[in-house]
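J.: upload-v2.pdb is reproduced below (PDB, C-alpha atoms).
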```pdb
MODEL        1
ATOM      1  CA  MET U   1      15.992   7.143  33.907  1.00  0.00           C
ATOM      2  CA  ASN U   2      14.807  10.578  32.967  1.00  0.00           C
ATOM      3  CA  LEU U   3      11.050  11.080  33.394  1.00  0.00           C
ATOM      4  CA  ALA U   4      10.786  13.087  30.160  1.00  0.00           C
ATOM      5  CA  LEU U   5      12.350  10.236  28.192  1.00  0.00           C
ATOM      6  CA  ARG U   6       9.953   7.738  29.763  1.00  0.00           C
ATOM      7  CA  ILE U   7       7.010   9.965  28.772  1.00  0.00           C
ATOM      8  CA  ILE U   8       8.306  10.198  25.179  1.00  0.00           C
ATOM      9  CA  ILE U   9       8.598   6.399  24.961  1.00  0.00           C
ATOM     10  CA  ASP U  10       5.092   5.983  26.380  1.00  0.00           C
ATOM     11  CA  VAL U  11       3.665   8.534  23.905  1.00  0.00           C
ATOM     12  CA  PHE U  12       5.136   6.592  20.973  1.00  0.00           C
ATOM     13  CA  ILE U  13       3.766   3.281  22.245  1.00  0.00           C
ATOM     14  CA  VAL U  14       0.306   4.679  23.053  1.00  0.00           C
ATOM     15  CA  GLY U  15       0.210   6.490  19.681  1.00  0.00           C
ATOM     16  CA  GLY U  16       1.079   3.253  17.918  1.00  0.00           C
ATOM     17  CA  CYS U  17      -1.657   1.410  19.793  1.00  0.00           C
ATOM     18  CA  PHE U  18      -4.142   4.139  18.842  1.00  0.00           C
ATOM     19  CA  PHE U  19      -3.348   3.846  15.129  1.00  0.00           C
ATOM     20  CA  ALA U  20      -3.440   0.039  15.260  1.00  0.00           C
ATOM     21  CA  PHE U  21      -6.869   0.270  16.894  1.00  0.00           C
ATOM     22  CA  ALA U  22      -8.012   2.799  14.269  1.00  0.00           C
ATOM     23  CA  GLY U  23      -6.934   0.364  11.546  1.00  0.00           C
ATOM     24  CA  ALA U  24      -8.938  -2.418  13.201  1.00  0.00           C
ATOM     25  CA  VAL U  25     -12.003  -0.169  13.391  1.00  0.00           C
ATOM     26  CA  GLY U  26     -11.480   0.685   9.715  1.00  0.00           C
ATOM     27  CA  LEU U  27     -11.613  -3.007   8.824  1.00  0.00           C
ATOM     28  CA  VAL U  28     -15.045  -3.250  10.389  1.00  0.00           C
ATOM     29  CA  ARG U  29     -16.468   0.091   9.255  1.00  0.00           C
ATOM     30  CA  MET U  30     -15.266   0.435   5.661  1.00  0.00           C
ATOM     31  CA  PRO U  31     -17.816  -0.502   2.974  1.00  0.00           C
ATOM     32  CA  ASP U  32     -15.742  -2.527   0.505  1.00  0.00           C
ATOM     33  CA  THR U  33     -12.618  -4.628   0.135  1.00  0.00           C
ATOM     34  CA  PHE U  34     -10.435  -1.872  -1.268  1.00  0.00           C
ATOM     35  CA  SER U  35     -11.269   0.610   1.480  1.00  0.00           C
ATOM     36  CA  ARG U  36     -10.507  -2.091   4.025  1.00  0.00           C
ATOM     37  CA  MET U  37      -7.150  -2.723   2.369  1.00  0.00           C
ATOM     38  CA  GLN U  38      -6.296   0.966   2.654  1.00  0.00           C
ATOM     39  CA  SER U  39      -7.136   1.151   6.335  1.00  0.00           C
ATOM     40  CA  SER U  40      -5.467  -2.124   7.200  1.00  0.00           C
ATOM     41  CA  THR U  41      -2.189  -1.355   5.452  1.00  0.00           C
ATOM     42  CA  ASN U  42      -1.586   2.378   5.789  1.00  0.00           C
ATOM     43  CA  ILE U  43      -2.927   3.034   9.255  1.00  0.00           C
ATOM     44  CA  THR U  44      -1.698  -0.198  10.788  1.00  0.00           C
ATOM     45  CA  THR U  45       1.781   0.301   9.311  1.00  0.00           C
ATOM     46  CA  LEU U  46       1.959   3.702  10.989  1.00  0.00           C
ATOM     47  CA  GLY U  47       0.758   2.158  14.261  1.00  0.00           C
ATOM     48  CA  VAL U  48       3.370  -0.575  14.166  1.00  0.00           C
ATOM     49  CA  LEU U  49       6.124   1.914  13.326  1.00  0.00           C
ATOM     50  CA  LEU U  50       5.233   4.208  16.225  1.00  0.00           C
ATOM     51  CA  THR U  51       5.199   1.243  18.594  1.00  0.00           C
ATOM     52  CA  LEU U  52       8.553   0.075  17.230  1.00  0.00           C
ATOM     53  CA  ILE U  53      10.066   3.546  17.691  1.00  0.00           C
ATOM     54  CA  GLY U  54       8.984   3.411  21.336  1.00  0.00           C
ATOM     55  CA  ALA U  55      10.436  -0.098  21.695  1.00  0.00           C
ATOM     56  CA  PHE U  56      13.671   0.998  19.994  1.00  0.00           C
ATOM     57  CA  LEU U  57      14.116   3.909  22.402  1.00  0.00           C
ATOM     58  CA  TYR U  58      13.308   1.654  25.350  1.00  0.00           C
ATOM     59  CA  PHE U  59      15.815  -1.032  24.397  1.00  0.00           C
ATOM     60  CA  LEU U  60      18.513   1.418  23.385  1.00  0.00           C
ATOM     61  CA  ILE U  61      18.322   3.890  26.272  1.00  0.00           C
ATOM     62  CA  VAL U  62      16.675   2.096  29.204  1.00  0.00           C
ATOM     63  CA  ARG U  63      17.907  -1.466  28.760  1.00  0.00           C
ATOM     64  CA  GLU U  64      21.078  -0.484  26.845  1.00  0.00           C
ATOM     65  CA  SER U  65      20.624  -3.535  24.642  1.00  0.00           C
ATOM     66  CA  TRP U  66      22.047  -2.879  21.185  1.00  0.00           C
ATOM     67  CA  GLY U  67      21.065  -6.352  20.005  1.00  0.00           C
ATOM     68  CA  SER U  68      17.399  -5.889  20.868  1.00  0.00           C
ATOM     69  CA  ALA U  69      17.405  -2.400  19.348  1.00  0.00           C
ATOM     70  CA  ALA U  70      18.860  -3.812  16.121  1.00  0.00           C
ATOM     71  CA  LYS U  71      16.135  -6.481  16.020  1.00  0.00           C
ATOM     72  CA  VAL U  72      13.486  -3.776  16.380  1.00  0.00           C
ATOM     73  CA  VAL U  73      15.020  -1.893  13.431  1.00  0.00           C
ATOM     74  CA  VAL U  74      14.945  -5.050  11.288  1.00  0.00           C
ATOM     75  CA  ILE U  75      11.297  -5.643  12.228  1.00  0.00           C
ATOM     76  CA  GLY U  76      10.508  -2.037  11.277  1.00  0.00           C
ATOM     77  CA  VAL U  77      12.194  -2.306   7.878  1.00  0.00           C
ATOM     78  CA  LEU U  78      10.420  -5.583   7.105  1.00  0.00           C
ATOM     79  CA  THR U  79       7.089  -4.076   8.159  1.00  0.00           C
ATOM     80  CA  VAL U  80       7.561  -1.024   5.938  1.00  0.00           C
ATOM     81  CA  LEU U  81       8.396  -3.248   2.972  1.00  0.00           C
ATOM     82  CA  ALA U  82       6.015  -6.172   3.447  1.00  0.00           C
ATOM     83  CA  ASN U  83       2.785  -4.621   4.720  1.00  0.00           C
ATOM     84  CA  PRO U  84       2.029  -2.293   1.767  1.00  0.00           C
ATOM     85  CA  VAL U  85       3.181  -4.881  -0.777  1.00  0.00           C
ATOM     86  CA  GLY U  86       0.974  -7.543   0.797  1.00  0.00           C
ATOM     87  CA  GLY U  87      -2.008  -5.206   0.876  1.00  0.00           C
ATOM     88  CA  HIS U  88      -1.472  -4.300  -2.767  1.00  0.00           C
ATOM     89  CA  ALA U  89      -1.239  -7.962  -3.776  1.00  0.00           C
ATOM     90  CA  ILE U  90      -4.459  -8.817  -1.943  1.00  0.00           C
ATOM     91  CA  ALA U  91      -6.295  -5.828  -3.454  1.00  0.00           C
ATOM     92  CA  ARG U  92      -5.093  -6.690  -6.954  1.00  0.00           C
ATOM     93  CA  ALA U  93      -6.146 -10.319  -6.530  1.00  0.00           C
ATOM     94  CA  ALA U  94      -9.566  -9.182  -5.312  1.00  0.00           C
ATOM     95  CA  TYR U  95      -9.936  -6.983  -8.398  1.00  0.00           C
ATOM     96  CA  ARG U  96      -8.850  -9.791 -10.718  1.00  0.00           C
ATOM     97  CA  ILE U  97     -11.460 -12.226  -9.354  1.00  0.00           C
ATOM     98  CA  GLY U  98     -14.215  -9.697  -9.935  1.00  0.00           C
ATOM     99  CA  ILE U  99     -14.683  -7.818  -6.669  1.00  0.00           C
ATOM    100  CA  ARG U 100     -15.393  -4.177  -7.462  1.00  0.00           C
ATOM    101  CA  PRO U 101     -15.500  -1.092  -5.247  1.00  0.00           C
ATOM    102  CA  GLU U 102     -18.855  -0.058  -3.849  1.00  0.00           C
ATOM    103  CA  ARG U 103     -18.568   3.337  -5.539  1.00  0.00           C
ATOM    104  CA  GLY U 104     -17.344   3.664  -9.116  1.00  0.00           C
ATOM    105  CA  LEU U 105     -13.690   4.258  -9.833  1.00  0.00           C
ATOM    106  CA  VAL U 106     -12.600   7.579 -11.285  1.00  0.00           C
ATOM    107  CA  VAL U 107      -9.588   5.981 -12.986  1.00  0.00           C
ATOM    108  CA  ASP U 108      -9.415   2.231 -13.497  1.00  0.00           C
ATOM    109  CA  GLU U 109      -5.862   1.399 -14.548  1.00  0.00           C
ATOM    110  CA  LEU U 110      -6.438  -2.357 -14.358  1.00  0.00           C
ATOM    111  CA  ALA U 111      -9.445  -2.439 -16.680  1.00  0.00           C
ATOM    112  CA  ASP U 112      -9.229  -4.286 -19.981  1.00  0.00           C
ATOM    113  CA  PRO U 113      -8.967  -1.660 -22.759  1.00  0.00           C
ATOM    114  CA  GLU U 114     -11.390  -3.604 -24.974  1.00  0.00           C
ATOM    115  CA  ALA U 115     -13.969  -3.590 -22.201  1.00  0.00           C
ATOM    116  CA  CYS U 116     -13.945   0.225 -22.246  1.00  0.00           C
ATOM    117  CA  VAL U 117     -15.281   0.472 -25.826  1.00  0.00           C
ATOM    118  CA  GLU U 118     -18.854   1.747 -25.961  1.00  0.00           C
ATOM    119  CA  PRO U 119     -21.475  -0.617 -27.419  1.00  0.00           C
ATOM    120  CA  GLY U 120     -21.836  -0.102 -31.164  1.00  0.00           C
ATOM    121  CA  GLU U 121     -18.338   1.398 -31.525  1.00  0.00           C
ATOM    122  CA  ALA U 122     -15.567  -0.432 -33.300  1.00  0.00           C
ATOM    123  CA  PRO U 123     -12.200  -0.473 -31.567  1.00  0.00           C
ATOM    124  CA  ALA U 124      -9.792   2.009 -33.125  1.00  0.00           C
ATOM    125  CA  ALA U 125      -7.255   0.362 -35.431  1.00  0.00           C
ATOM    126  CA  GLU U 126      -3.639   1.032 -34.680  1.00  0.00           C
ATOM    127  CA  GLU U 127      -2.148   3.473 -37.124  1.00  0.00           C
ATOM    128  CA  ALA U 128       1.319   2.910 -38.514  1.00  0.00           C
ATOM    129  CA  PRO U 129       3.787   5.790 -38.312  1.00  0.00           C
ATOM    130  CA  ALA U 130       4.036   7.983 -41.422  1.00  0.00           C
ATOM    131  CA  GLY U 131       7.555   6.773 -42.210  1.00  0.00           C
ATOM    132  CA  ALA U 132       6.487   3.121 -42.176  1.00  0.00           C
ATOM    133  CA  GLU U 133       4.483   3.455 -45.433  1.00  0.00           C
ATOM    134  CA  ALA U 134       7.465   4.968 -47.250  1.00  0.00           C
ATOM    135  CA  GLU U 135       9.729   2.155 -46.027  1.00  0.00           C
ATOM    136  CA  LYS U 136       7.289  -0.528 -47.263  1.00  0.00           C
ATOM    137  CA  GLU U 137       7.089   1.108 -50.711  1.00  0.00           C
ATOM    138  CA  GLY U 138      10.887   1.312 -50.865  1.00  0.00           C
ATOM    139  CA  GLU U 139      11.234  -2.396 -50.021  1.00  0.00           C
ATOM    140  CA  GLN U 140       8.719  -3.442 -52.683  1.00  0.00           C
ATOM    141  CA  ALA U 141      10.497  -1.504 -55.449  1.00  0.00           C
TER     142      ALA U 141
ENDMDL
END
```
Would you mind writing the file out in C-alpha coordinates?
T.:
Amino acid sequence: MNLALRIIIDVFIVGGCFFAFAGAVGLVRMPDTFSRMQSSTNITTLGVLLTLIGAFLYFLIVRESWGSAAKVVVIGVLTVLANPVGGHAIARAAYRIGIRPERGLVVDELADPEACVEPGEAPAAEEAPAGAEAEKEGEQA
(Lines of atoms letter the chains of each structure in order from A and count residues from 1; the text may use other names and numbers.)
(Lines give C-alpha, C1' and ligand atoms only; values in the text may rest on other atoms or scores of the structure.)
Protein backbone atom coordinates (compact mmCIF):
# COMPACT_ATOMS: atom_id res chain seq x y z
CA MET A 1 0.00 0.00 0.00
CA ASN A 2 1.13 3.50 -0.75
CA LEU A 3 2.51 5.36 2.28
CA ALA A 4 0.81 8.62 1.26
CA LEU A 5 -2.58 6.89 1.17
CA ARG A 6 -1.98 5.37 4.61
CA ILE A 7 -1.12 8.84 5.97
CA ILE A 8 -4.32 10.30 4.45
CA ILE A 9 -6.42 7.56 6.07
CA ASP A 10 -4.70 8.12 9.42
CA VAL A 11 -5.26 11.91 9.19
CA PHE A 12 -9.00 11.38 8.66
CA ILE A 13 -9.26 8.97 11.59
CA VAL A 14 -7.18 11.13 13.95
CA GLY A 15 -9.13 14.25 12.87
CA GLY A 16 -12.38 12.46 13.59
CA CYS A 17 -11.14 11.41 17.01
CA PHE A 18 -10.09 15.00 17.73
CA PHE A 19 -13.55 16.38 16.91
CA ALA A 20 -15.28 13.62 18.89
CA PHE A 21 -13.08 14.50 21.86
CA ALA A 22 -13.83 18.22 21.39
CA GLY A 23 -17.55 17.41 21.46
CA ALA A 24 -17.10 15.47 24.70
CA VAL A 25 -15.21 18.38 26.25
CA GLY A 26 -18.01 20.69 25.09
CA LEU A 27 -20.55 18.57 26.97
CA VAL A 28 -18.63 19.15 30.18
CA ARG A 29 -17.66 22.79 29.66
CA MET A 30 -20.79 24.38 28.17
CA PRO A 31 -23.00 26.29 30.63
CA ASP A 32 -26.51 25.18 29.66
CA THR A 33 -28.49 22.44 27.97
CA PHE A 34 -28.78 24.15 24.61
CA SER A 35 -25.07 24.87 24.31
CA ARG A 36 -24.39 21.24 25.19
CA MET A 37 -26.79 20.12 22.47
CA GLN A 38 -24.92 22.22 19.92
CA SER A 39 -21.54 20.81 20.84
CA SER A 40 -22.75 17.24 21.09
CA THR A 41 -24.53 17.21 17.74
CA ASN A 42 -22.54 19.43 15.39
CA ILE A 43 -19.01 18.69 16.49
CA THR A 44 -19.55 15.00 17.15
CA THR A 45 -21.27 14.54 13.78
CA LEU A 46 -18.22 16.02 12.07
CA GLY A 47 -15.95 13.74 14.13
CA VAL A 48 -17.91 10.63 13.22
CA LEU A 49 -17.97 11.60 9.54
CA LEU A 50 -14.21 12.13 9.39
CA THR A 51 -13.64 8.77 11.08
CA LEU A 52 -16.06 7.11 8.65
CA ILE A 53 -14.28 8.66 5.66
CA GLY A 54 -11.04 7.15 6.94
CA ALA A 55 -12.75 3.78 7.46
CA PHE A 56 -14.32 3.97 3.98
CA LEU A 57 -10.95 4.59 2.34
CA TYR A 58 -9.39 1.80 4.39
CA PHE A 59 -12.03 -0.78 3.48
CA LEU A 60 -12.24 0.27 -0.15
CA ILE A 61 -8.54 0.61 -0.99
CA VAL A 62 -6.60 -1.46 1.55
CA ARG A 63 -8.97 -4.34 2.22
CA GLU A 64 -10.77 -4.09 -1.15
CA SER A 65 -14.03 -4.91 0.58
CA TRP A 66 -16.93 -3.27 -1.24
CA GLY A 67 -19.43 -4.69 1.24
CA SER A 68 -17.72 -3.13 4.25
CA ALA A 69 -17.30 0.17 2.39
CA ALA A 70 -21.02 0.18 1.59
CA LYS A 71 -21.86 -0.43 5.26
CA VAL A 72 -19.68 2.54 6.24
CA VAL A 73 -21.57 4.73 3.75
CA VAL A 74 -24.92 3.63 5.21
CA ILE A 75 -23.66 4.39 8.73
CA GLY A 76 -22.54 7.83 7.55
CA VAL A 77 -25.90 8.65 5.96
CA LEU A 78 -27.79 7.52 9.07
CA THR A 79 -25.48 9.58 11.28
CA VAL A 80 -25.96 12.72 9.18
CA LEU A 81 -29.74 12.30 9.34
CA ALA A 82 -30.28 11.04 12.88
CA ASN A 83 -27.77 12.97 15.01
CA PRO A 84 -28.98 16.54 14.27
CA VAL A 85 -32.64 15.49 14.37
CA GLY A 86 -32.16 13.77 17.72
CA GLY A 87 -30.33 16.77 19.14
CA HIS A 88 -33.08 19.09 17.95
CA ALA A 89 -35.78 16.89 19.49
CA ILE A 90 -33.98 16.79 22.84
CA ALA A 91 -33.42 20.56 22.82
CA ARG A 92 -37.06 21.23 21.94
CA ALA A 93 -38.26 18.89 24.69
CA ALA A 94 -35.97 20.64 27.17
CA TYR A 95 -37.43 24.01 26.16
CA ARG A 96 -40.99 22.71 26.44
CA ILE A 97 -40.49 21.45 30.01
CA GLY A 98 -39.18 24.83 31.09
CA ILE A 99 -35.40 24.68 30.81
CA ARG A 100 -34.14 28.03 29.56
CA PRO A 101 -30.73 29.12 28.29
CA GLU A 102 -28.35 30.67 30.78
CA ARG A 103 -28.18 33.86 28.72
CA GLY A 104 -31.30 35.41 27.22
CA LEU A 105 -32.37 34.54 23.71
CA VAL A 106 -32.19 37.18 21.01
CA VAL A 107 -35.04 35.55 19.07
CA ASP A 108 -37.34 33.05 20.74
CA GLU A 109 -39.37 31.37 18.00
CA LEU A 110 -40.93 28.85 20.38
CA ALA A 111 -42.32 31.39 22.84
CA ASP A 112 -46.07 31.70 23.32
CA PRO A 113 -47.19 34.92 21.57
CA GLU A 114 -49.52 35.81 24.46
CA ALA A 115 -46.63 35.54 26.90
CA CYS A 116 -44.81 38.29 24.98
CA VAL A 117 -47.44 40.96 25.73
CA GLU A 118 -46.20 43.58 28.18
CA PRO A 119 -48.05 43.86 31.50
CA GLY A 120 -50.90 46.36 31.27
CA GLU A 121 -51.19 46.02 27.48
CA ALA A 122 -54.16 44.37 25.85
CA PRO A 123 -53.40 41.88 23.10
CA ALA A 124 -54.00 43.38 19.66
CA ALA A 125 -57.29 42.25 18.11
CA GLU A 126 -57.06 40.67 14.71
CA GLU A 127 -58.25 43.02 12.02
CA ALA A 128 -60.41 41.76 9.19
CA PRO A 129 -59.34 42.59 5.64
CA ALA A 130 -60.95 45.68 4.10
CA GLY A 131 -62.93 43.61 1.59
CA ALA A 132 -64.47 41.47 4.34
CA GLU A 133 -66.66 44.34 5.65
CA ALA A 134 -68.07 45.01 2.18
CA GLU A 135 -68.88 41.31 1.71
CA LYS A 136 -70.74 41.16 5.06
CA GLU A 137 -72.82 44.23 4.15
CA GLY A 138 -73.63 42.72 0.76
CA GLU A 139 -74.80 39.46 2.37
CA GLN A 140 -77.05 41.26 4.85
CA ALA A 141 -78.81 43.29 2.14
J.: Quick check on the file I pasted: which residues fall under the PyMOL selection byres ((chain U and resi 73) around 12)? Write them as a PDB file with C-alpha atoms, in the frame of the given file.
T.:
```pdb
ATOM      1  CA  VAL U  48       3.370  -0.575  14.166  1.00  0.00           C
ATOM      2  CA  LEU U  49       6.124   1.914  13.326  1.00  0.00           C
ATOM      3  CA  LEU U  50       5.233   4.208  16.225  1.00  0.00           C
ATOM      4  CA  THR U  51       5.199   1.243  18.594  1.00  0.00           C
ATOM      5  CA  LEU U  52       8.553   0.075  17.230  1.00  0.00           C
ATOM      6  CA  ILE U  53      10.066   3.546  17.691  1.00  0.00           C
ATOM      7  CA  GLY U  54       8.984   3.411  21.336  1.00  0.00           C
ATOM      8  CA  ALA U  55      10.436  -0.098  21.695  1.00  0.00           C
ATOM      9  CA  PHE U  56      13.671   0.998  19.994  1.00  0.00           C
ATOM     10  CA  LEU U  57      14.116   3.909  22.402  1.00  0.00           C
ATOM     11  CA  PHE U  59      15.815  -1.032  24.397  1.00  0.00           C
ATOM     12  CA  LEU U  60      18.513   1.418  23.385  1.00  0.00           C
ATOM     13  CA  TRP U  66      22.047  -2.879  21.185  1.00  0.00           C
ATOM     14  CA  GLY U  67      21.065  -6.352  20.005  1.00  0.00           C
ATOM     15  CA  SER U  68      17.399  -5.889  20.868  1.00  0.00           C
ATOM     16  CA  ALA U  69      17.405  -2.400  19.348  1.00  0.00           C
ATOM     17  CA  ALA U  70      18.860  -3.812  16.121  1.00  0.00           C
ATOM     18  CA  LYS U  71      16.135  -6.481  16.020  1.00  0.00           C
ATOM     19  CA  VAL U  72      13.486  -3.776  16.380  1.00  0.00           C
ATOM     20  CA  VAL U  74      14.945  -5.050  11.288  1.00  0.00           C
ATOM     21  CA  ILE U  75      11.297  -5.643  12.228  1.00  0.00           C
ATOM     22  CA  GLY U  76      10.508  -2.037  11.277  1.00  0.00           C
ATOM     23  CA  VAL U  77      12.194  -2.306   7.878  1.00  0.00           C
ATOM     24  CA  LEU U  78      10.420  -5.583   7.105  1.00  0.00           C
ATOM     25  CA  THR U  79       7.089  -4.076   8.159  1.00  0.00           C
ATOM     26  CA  VAL U  80       7.561  -1.024   5.938  1.00  0.00           C
TER      27      VAL U  80
END
```
J.: As an exercise, work out the distance from atom CA of Thr41 of chain U to atom CA of Gly26 of chain U in Å and give it to one decimal place.
T.: 10.4 Å
J.: Taking all atoms listed in the file into account, name the residue in U:Leu46, U:Ile61, U:Met37, U:Val28 that is nearest to Ile9 of chain U.
T.: U:Ile61
J.: Could you check which of U:Arg63, U:His88, U:Arg96, U:Arg6 is closest to Phe34 of chain U, using all atoms listed in the file?
T.: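 Smallest separation from Phe34 of chain U among the options: U:His88.
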J.: Calculate how many Å separate atom CA of Pro101 of chain U from atom CA of Thr33 of chain U, rounding to one decimal.
T.: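 Between atom CA of Pro101 of chain U and atom CA of Thr33 of chain U the gap works out to 7.1 Å.
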J.: Name the residues captured by the PyMOL selection byres ((chain U and resi 16) around 6) when it is applied to the shown file; answer as a list of chain:residue names.
T.: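 Going through the file, the PyMOL selection byres ((chain U and resi 16) around 6) ends up selecting U:Ile13, U:Val14, U:Gly15, U:Cys17, U:Phe18, U:Phe19, U:Gly47, U:Val48, U:Leu50, U:Thr51.
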